[in-house]
Amino acid sequence: MPDVDYRLSQAFKNLAGETPPSADVTENIYKHSRFDTRFYEERATFSSPSSSASAAYPKFLISATFHAPKNGSTAADFTTWFKTSHLPKLEKTPGFVRAKAYETVVTMVLDQWNFMAPPEEVPRWLVMSEFAGDTVPNFEQVDGGVDVGVYRIGRVYSEEEWGSVGK
């Protein structure tokens, strides 16, 4: 989105389904599911010091969420903590291209078609780390990550394809 406030526009609300689905869909899906939605704003980018890796097409992505560091709660505190705790490990991982850090701005839960506040503390930070090469990166090095996943990138959408969202 061009701005996180786009989520408040009517165009976005139309995408999100502001009207209840059919009774069949509600009974078969929404009565048995919970959808946690988080909106993030980008706060920092950490690029590989290797120019050849940073120019490579990423093939893998590690997604990891984190709570705020114990020593502070600002974006600068997280950046310092991330640079000293995790970035050195990522930079040593073959194929590392870059990592982007995002801060949670808004969180909501749709539980049995009822919107509610999250019942537990939501991780405040999301870090998306990109890797080139043909080897799946080792994600066990993501110490302290609440939710960690490794994904093979299937397609990268150009800005021409997604750049008009919200306009």
# chains A, B, ... in the order shown; residues from 1 in each chain; ligands from 1

call {"tool": "select_by_dssp", "arguments": {"residues": "region 35-107 of chain A", "states": "strand (DSSP E or B)", "output": "JSON, numbers by chain"}}
result
{"A": [35, 36, 37, 38, 39, 40, 41, 42, 43, 44, 45, 46, 47, 60, 61, 62, 63, 64, 65, 66, 96, 97, 98, 99, 100, 101, 102, 103, 104, 105, 106, 107]}

call {"tool": "residues_around", "arguments": {"residues": "Ala64 (chain A)", "least_positions_apart": "3", "cutoff": "9 Å", "atoms": "only C-alpha atoms", "output": "number ranges by chain"}}
result
A: 125-129, 142, 145-150

call {"tool": "atom_distance", "arguments": {"atom1": "CA of Ser47 (chain A)", "atom2": "CA of Ala75 (chain A)"}}
result
17.7 Å

call {"tool": "residues_around", "arguments": {"residues": "Gly133 (chain A)", "least_positions_apart": "5", "cutoff": "8 Å", "atoms": "only C-alpha atoms", "output": "PDB file with N, CA and C atoms, in the first residue's frame"}}
result
ATOM      1  N   PRO A  58      16.477 -12.770  -5.429  1.00  0.00           N
ATOM      2  CA  PRO A  58      16.233 -13.619  -4.247  1.00  0.00           C
ATOM      3  C   PRO A  58      15.382 -14.834  -4.604  1.00  0.00           C
ATOM      4  N   LYS A  59      15.757 -15.988  -4.056  1.00  0.00           N
ATOM      5  CA  LYS A  59      15.018 -17.219  -4.298  1.00  0.00           C
ATOM      6  C   LYS A  59      14.336 -17.731  -3.039  1.00  0.00           C
ATOM      7  N   PRO A  94      25.172 -18.044   3.396  1.00  0.00           N
ATOM      8  CA  PRO A  94      25.374 -17.971   1.940  1.00  0.00           C
ATOM      9  C   PRO A  94      24.122 -17.459   1.222  1.00  0.00           C
ATOM     10  N   GLY A  95      24.346 -16.513   0.312  1.00  0.00           N
ATOM     11  CA  GLY A  95      23.260 -15.987  -0.512  1.00  0.00           C
ATOM     12  C   GLY A  95      22.493 -14.829   0.089  1.00  0.00           C
TER      13      GLY A  95
END

call {"tool": "residues_around", "arguments": {"residues": "region 153-159 of chain A", "least_positions_apart": "5", "cutoff": "10 Å", "atoms": "only C-alpha atoms", "output": "list in words"}}
result
Tyr57, Pro58, Lys59, Phe60, Leu61, Glu130, Phe131, Ala132, Ser164 and Val165 of chain A

call {"tool": "write_last_selection", "arguments": {"atoms": "C-alpha atoms", "output": "PDB file, in the first residue's frame"}}
result
ATOM      1  CA  TYR A  57      17.512 -12.341  -7.623  1.00  0.00           C
ATOM      2  CA  PRO A  58      16.233 -13.619  -4.247  1.00  0.00           C
ATOM      3  CA  LYS A  59      15.018 -17.219  -4.298  1.00  0.00           C
ATOM      4  CA  PHE A  60      14.233 -17.694  -0.599  1.00  0.00           C
ATOM      5  CA  LEU A  61      12.663 -15.607   2.131  1.00  0.00           C
ATOM      6  CA  GLU A 130      15.984 -12.410   1.266  1.00  0.00           C
ATOM      7  CA  PHE A 131      18.476 -14.988  -0.002  1.00  0.00           C
ATOM      8  CA  ALA A 132      19.808 -15.819  -3.472  1.00  0.00           C
ATOM      9  CA  SER A 164      -1.156   1.364  -8.513  1.00  0.00           C
ATOM     10  CA  VAL A 165      -2.772  -0.265  -5.463  1.00  0.00           C
TER      11      VAL A 165
END

call {"tool": "atom_distance", "arguments": {"atom1": "CA of Thr104 (chain A)", "atom2": "CA of Phe46 (chain A)"}}
result
18.3 Å

call {"tool": "atom_distance", "arguments": {"atom1": "CA of Thr135 (chain A)", "atom2": "CA of Ala101 (chain A)"}}
result
23.2 Å

call {"tool": "closest_residue", "arguments": {"among": "A:Phe82, A:Tyr40, A:Phe96, A:Tyr6", "to": "Pro69 (chain A)", "atoms": "only C-alpha atoms"}}
result
A:Phe82

call {"tool": "residues_around", "arguments": {"residues": "Glu27 (chain A)", "least_positions_apart": "6", "cutoff": "12 Å", "atoms": "only C-alpha atoms", "output": "number ranges by chain"}}
result
A: 20-21, 33, 112-113

call {"tool": "write_last_selection", "arguments": {"atoms": "C-alpha atoms", "output": "JSON list (two decimals), in the first residue's frame"}}
result
[["chain", "number", "residue", "atom", "x", "y", "z"],
["A", 20, "PRO", "CA", -21.17, -10.75, 5.74],
["A", 21, "PRO", "CA", -20.73, -13.73, 3.41],
["A", 33, "SER", "CA", -11.55, -20.08, 11.71],
["A", 112, "GLN", "CA", -16.24, -16.34, 13.85],
["A", 113, "TRP", "CA", -17.09, -13.23, 11.81]]

call {"tool": "closest_residue", "arguments": {"among": "A:Ala99, A:Val106, A:Ala68, A:Ala23", "to": "Ser48 (chain A)", "atoms": "only C-alpha atoms"}}
result
A:Ala99

call {"tool": "residues_around", "arguments": {"residues": "region 114-120 of chain A", "least_positions_apart": "5", "cutoff": "12 Å", "atoms": "only C-alpha atoms", "output": "VMD selection string"}}
result
chain A and resid 18 to 20 26 30 to 31 33 to 38 106 to 109

call {"tool": "write_last_selection", "arguments": {"atoms": "C-alpha atoms", "output": "PDB file, in the first residue's frame"}}
result
ATOM      1  CA  GLU A  18     -17.454  -5.365   4.692  1.00  0.00           C
ATOM      2  CA  THR A  19     -20.641  -7.331   4.190  1.00  0.00           C
ATOM      3  CA  PRO A  20     -21.174 -10.754   5.743  1.00  0.00           C
ATOM      4  CA  THR A  26     -20.117 -18.402   7.401  1.00  0.00           C
ATOM      5  CA  TYR A  30     -15.865 -18.413   9.508  1.00  0.00           C
ATOM      6  CA  LYS A  31     -17.414 -20.400  12.361  1.00  0.00           C
ATOM      7  CA  SER A  33     -11.546 -20.084  11.707  1.00  0.00           C
ATOM      8  CA  ARG A  34      -9.780 -17.080  13.044  1.00  0.00           C
ATOM      9  CA  PHE A  35      -8.022 -14.563  10.826  1.00  0.00           C
ATOM     10  CA  ASP A  36      -5.289 -12.451  12.404  1.00  0.00           C
ATOM     11  CA  THR A  37      -4.462  -9.380  10.311  1.00  0.00           C
ATOM     12  CA  ARG A  38      -1.455  -7.160  10.890  1.00  0.00           C
ATOM     13  CA  VAL A 106      -2.505  -2.053  13.496  1.00  0.00           C
ATOM     14  CA  THR A 107      -3.611  -5.545  14.491  1.00  0.00           C
ATOM     15  CA  MET A 108      -7.095  -6.998  14.323  1.00  0.00           C
ATOM     16  CA  VAL A 109      -8.704 -10.399  14.607  1.00  0.00           C
TER      17      VAL A 109
END

call {"tool": "select_by_dssp", "arguments": {"residues": "region 45-137 of chain A", "states": "helix (DSSP H, G or I)", "output": "mmCIF file with C-alpha atoms, in the first residue's frame"}}
result
data_model
loop_
_atom_site.group_PDB
_atom_site.id
_atom_site.type_symbol
_atom_site.label_atom_id
_atom_site.label_comp_id
_atom_site.auth_asym_id
_atom_site.auth_seq_id
_atom_site.Cartn_x
_atom_site.Cartn_y
_atom_site.Cartn_z
ATOM 1 C CA SER A 51 27.647 -6.229 -4.153
ATOM 2 C CA SER A 52 27.235 -9.489 -6.089
ATOM 3 C CA ALA A 53 24.754 -10.901 -3.534
ATOM 4 C CA SER A 54 22.746 -7.675 -3.349
ATOM 5 C CA ALA A 75 12.498 1.746 16.282
ATOM 6 C CA ALA A 76 16.095 2.838 16.986
ATOM 7 C CA ASP A 77 16.279 0.341 19.884
ATOM 8 C CA PHE A 78 15.076 -2.464 17.628
ATOM 9 C CA THR A 79 17.483 -1.480 14.845
ATOM 10 C CA THR A 80 20.434 -1.505 17.250
ATOM 11 C CA TRP A 81 19.350 -4.833 18.751
ATOM 12 C CA PHE A 82 18.811 -6.383 15.326
ATOM 13 C CA LYS A 83 22.155 -5.137 13.967
ATOM 14 C CA THR A 84 24.085 -6.625 16.902
ATOM 15 C CA SER A 85 22.064 -9.830 17.468
ATOM 16 C CA LEU A 87 22.353 -9.234 11.191
ATOM 17 C CA PRO A 88 25.892 -10.669 11.645
ATOM 18 C CA LYS A 89 24.430 -14.209 11.440
ATOM 19 C CA LEU A 90 22.385 -13.349 8.353
ATOM 20 C CA GLU A 91 25.392 -11.780 6.626
ATOM 21 C CA LYS A 92 27.374 -15.010 7.146
#

call {"tool": "residues_around", "arguments": {"residues": "Pro123 (chain A)", "least_positions_apart": "5", "cutoff": "7 Å", "atoms": "only C-alpha atoms", "output": "ChimeraX atom specification"}}
result
/A:65-67

call {"tool": "closest_residue", "arguments": {"among": "A:Thr74, A:Asp5, A:Ile29, A:Ser63", "to": "Pro137 (chain A)", "atoms": "only C-alpha atoms"}}
result
A:Ser63

call {"tool": "decode", "arguments": {"residues": "region 22-166 of chain A", "atoms": "C-alpha atoms", "output": "compact mmCIF listing (two decimals), in the first residue's frame"}}
result
# COMPACT_ATOMS: atom_id res chain seq x y z
CA SER A 22 -23.48 -16.21 2.67
CA ALA A 23 -24.76 -18.36 5.54
CA ASP A 24 -23.10 -21.41 3.96
CA VAL A 25 -19.68 -19.73 3.86
CA THR A 26 -20.12 -18.40 7.40
CA GLU A 27 -21.05 -21.86 8.70
CA ASN A 28 -18.34 -23.77 6.83
CA ILE A 29 -15.44 -21.33 7.13
CA TYR A 30 -15.86 -18.41 9.51
CA LYS A 31 -17.41 -20.40 12.36
CA HIS A 32 -14.30 -22.61 12.36
CA SER A 33 -11.55 -20.08 11.71
CA ARG A 34 -9.78 -17.08 13.04
CA PHE A 35 -8.02 -14.56 10.83
CA ASP A 36 -5.29 -12.45 12.40
CA THR A 37 -4.46 -9.38 10.31
CA ARG A 38 -1.45 -7.16 10.89
CA PHE A 39 -0.51 -3.95 9.14
CA TYR A 40 3.16 -2.98 9.15
CA GLU A 41 5.23 0.04 8.18
CA GLU A 42 8.78 -0.41 6.91
CA ARG A 43 11.36 0.93 9.37
CA ALA A 44 14.80 -0.23 8.16
CA THR A 45 16.66 -2.04 5.36
CA PHE A 46 19.88 -3.95 5.91
CA SER A 47 21.66 -4.80 2.64
CA SER A 48 24.41 -7.31 2.08
CA PRO A 49 27.90 -5.81 2.04
CA SER A 50 28.61 -8.05 -0.97
CA SER A 51 27.65 -6.23 -4.15
CA SER A 52 27.23 -9.49 -6.09
CA ALA A 53 24.75 -10.90 -3.53
CA SER A 54 22.75 -7.68 -3.35
CA ALA A 55 22.29 -7.66 -7.14
CA ALA A 56 21.10 -11.29 -7.20
CA TYR A 57 17.51 -12.34 -7.62
CA PRO A 58 16.23 -13.62 -4.25
CA LYS A 59 15.02 -17.22 -4.30
CA PHE A 60 14.23 -17.69 -0.60
CA LEU A 61 12.66 -15.61 2.13
CA ILE A 62 12.86 -16.00 5.90
CA SER A 63 9.97 -14.33 7.68
CA ALA A 64 10.45 -13.84 11.44
CA THR A 65 8.47 -11.89 14.03
CA PHE A 66 9.96 -10.49 17.21
CA HIS A 67 8.78 -8.80 20.38
CA ALA A 68 10.41 -5.48 21.30
CA PRO A 69 13.90 -5.85 22.75
CA LYS A 70 14.11 -5.82 26.54
CA ASN A 71 16.25 -2.70 26.61
CA GLY A 72 13.83 -0.41 24.79
CA SER A 73 10.80 0.02 22.62
CA THR A 74 11.68 2.52 19.89
CA ALA A 75 12.50 1.75 16.28
CA ALA A 76 16.09 2.84 16.99
CA ASP A 77 16.28 0.34 19.88
CA PHE A 78 15.08 -2.46 17.63
CA THR A 79 17.48 -1.48 14.84
CA THR A 80 20.43 -1.51 17.25
CA TRP A 81 19.35 -4.83 18.75
CA PHE A 82 18.81 -6.38 15.33
CA LYS A 83 22.15 -5.14 13.97
CA THR A 84 24.08 -6.62 16.90
CA SER A 85 22.06 -9.83 17.47
CA HIS A 86 20.86 -11.11 14.10
CA LEU A 87 22.35 -9.23 11.19
CA PRO A 88 25.89 -10.67 11.65
CA LYS A 89 24.43 -14.21 11.44
CA LEU A 90 22.39 -13.35 8.35
CA GLU A 91 25.39 -11.78 6.63
CA LYS A 92 27.37 -15.01 7.15
CA THR A 93 24.60 -17.09 5.59
CA PRO A 94 25.37 -17.97 1.94
CA GLY A 95 23.26 -15.99 -0.51
CA PHE A 96 22.11 -13.26 1.90
CA VAL A 97 20.78 -10.30 -0.09
CA ARG A 98 18.98 -8.04 2.39
CA ALA A 99 16.63 -7.87 5.35
CA LYS A 100 13.80 -5.41 5.85
CA ALA A 101 12.33 -4.61 9.25
CA TYR A 102 8.67 -3.63 9.68
CA GLU A 103 6.86 -2.39 12.79
CA THR A 104 3.28 -3.42 13.60
CA VAL A 105 0.93 -0.45 13.26
CA VAL A 106 -2.50 -2.05 13.50
CA THR A 107 -3.61 -5.55 14.49
CA MET A 108 -7.10 -7.00 14.32
CA VAL A 109 -8.70 -10.40 14.61
CA LEU A 110 -11.74 -11.74 12.77
CA ASP A 111 -13.01 -14.63 14.89
CA GLN A 112 -16.24 -16.34 13.85
CA TRP A 113 -17.09 -13.23 11.81
CA ASN A 114 -16.63 -10.93 14.82
CA PHE A 115 -13.90 -8.31 14.82
CA MET A 116 -12.04 -8.18 18.12
CA ALA A 117 -8.76 -7.07 19.65
CA PRO A 118 -6.03 -9.70 19.72
CA PRO A 119 -6.39 -11.76 22.91
CA GLU A 120 -2.61 -12.03 23.35
CA GLU A 121 0.42 -9.83 22.80
CA VAL A 122 1.27 -9.61 19.10
CA PRO A 123 4.94 -9.51 18.07
CA ARG A 124 5.79 -5.90 17.32
CA TRP A 125 8.41 -6.49 14.62
CA LEU A 126 8.53 -8.43 11.35
CA VAL A 127 11.80 -9.04 9.52
CA MET A 128 11.81 -10.35 5.96
CA SER A 129 15.26 -11.64 4.93
CA GLU A 130 15.98 -12.41 1.27
CA PHE A 131 18.48 -14.99 0.00
CA ALA A 132 19.81 -15.82 -3.47
CA GLY A 133 21.33 -19.13 -4.47
CA ASP A 134 20.02 -22.66 -4.72
CA THR A 135 20.43 -23.69 -1.07
CA VAL A 136 17.65 -23.22 1.46
CA PRO A 137 19.01 -20.91 4.18
CA ASN A 138 19.30 -22.18 7.75
CA PHE A 139 16.56 -20.48 9.74
CA GLU A 140 17.55 -21.95 13.11
CA GLN A 141 19.87 -18.96 13.55
CA VAL A 142 16.87 -16.66 14.05
CA ASP A 143 17.19 -16.61 17.84
CA GLY A 144 14.21 -15.09 19.60
CA GLY A 145 11.89 -15.24 16.61
CA VAL A 146 8.27 -15.84 17.67
CA ASP A 147 7.02 -17.11 14.30
CA VAL A 148 9.68 -18.13 11.78
CA GLY A 149 9.08 -19.47 8.29
CA VAL A 150 11.22 -20.19 5.24
CA TYR A 151 9.64 -19.75 1.81
CA ARG A 152 10.77 -20.35 -1.75
CA ILE A 153 9.96 -17.26 -3.83
CA GLY A 154 7.79 -18.25 -6.76
CA ARG A 155 7.27 -14.87 -8.38
CA VAL A 156 8.33 -11.29 -7.85
CA TYR A 157 5.75 -8.70 -8.85
CA SER A 158 7.13 -5.58 -10.48
CA GLU A 159 6.13 -2.17 -9.24
CA GLU A 160 4.17 -1.73 -12.49
CA GLU A 161 1.90 -4.56 -11.29
CA TRP A 162 1.41 -3.51 -7.66
CA GLY A 163 2.37 0.18 -7.71
CA SER A 164 -1.16 1.36 -8.51
CA VAL A 165 -2.77 -0.26 -5.46
CA GLY A 166 -4.62 2.41 -3.54
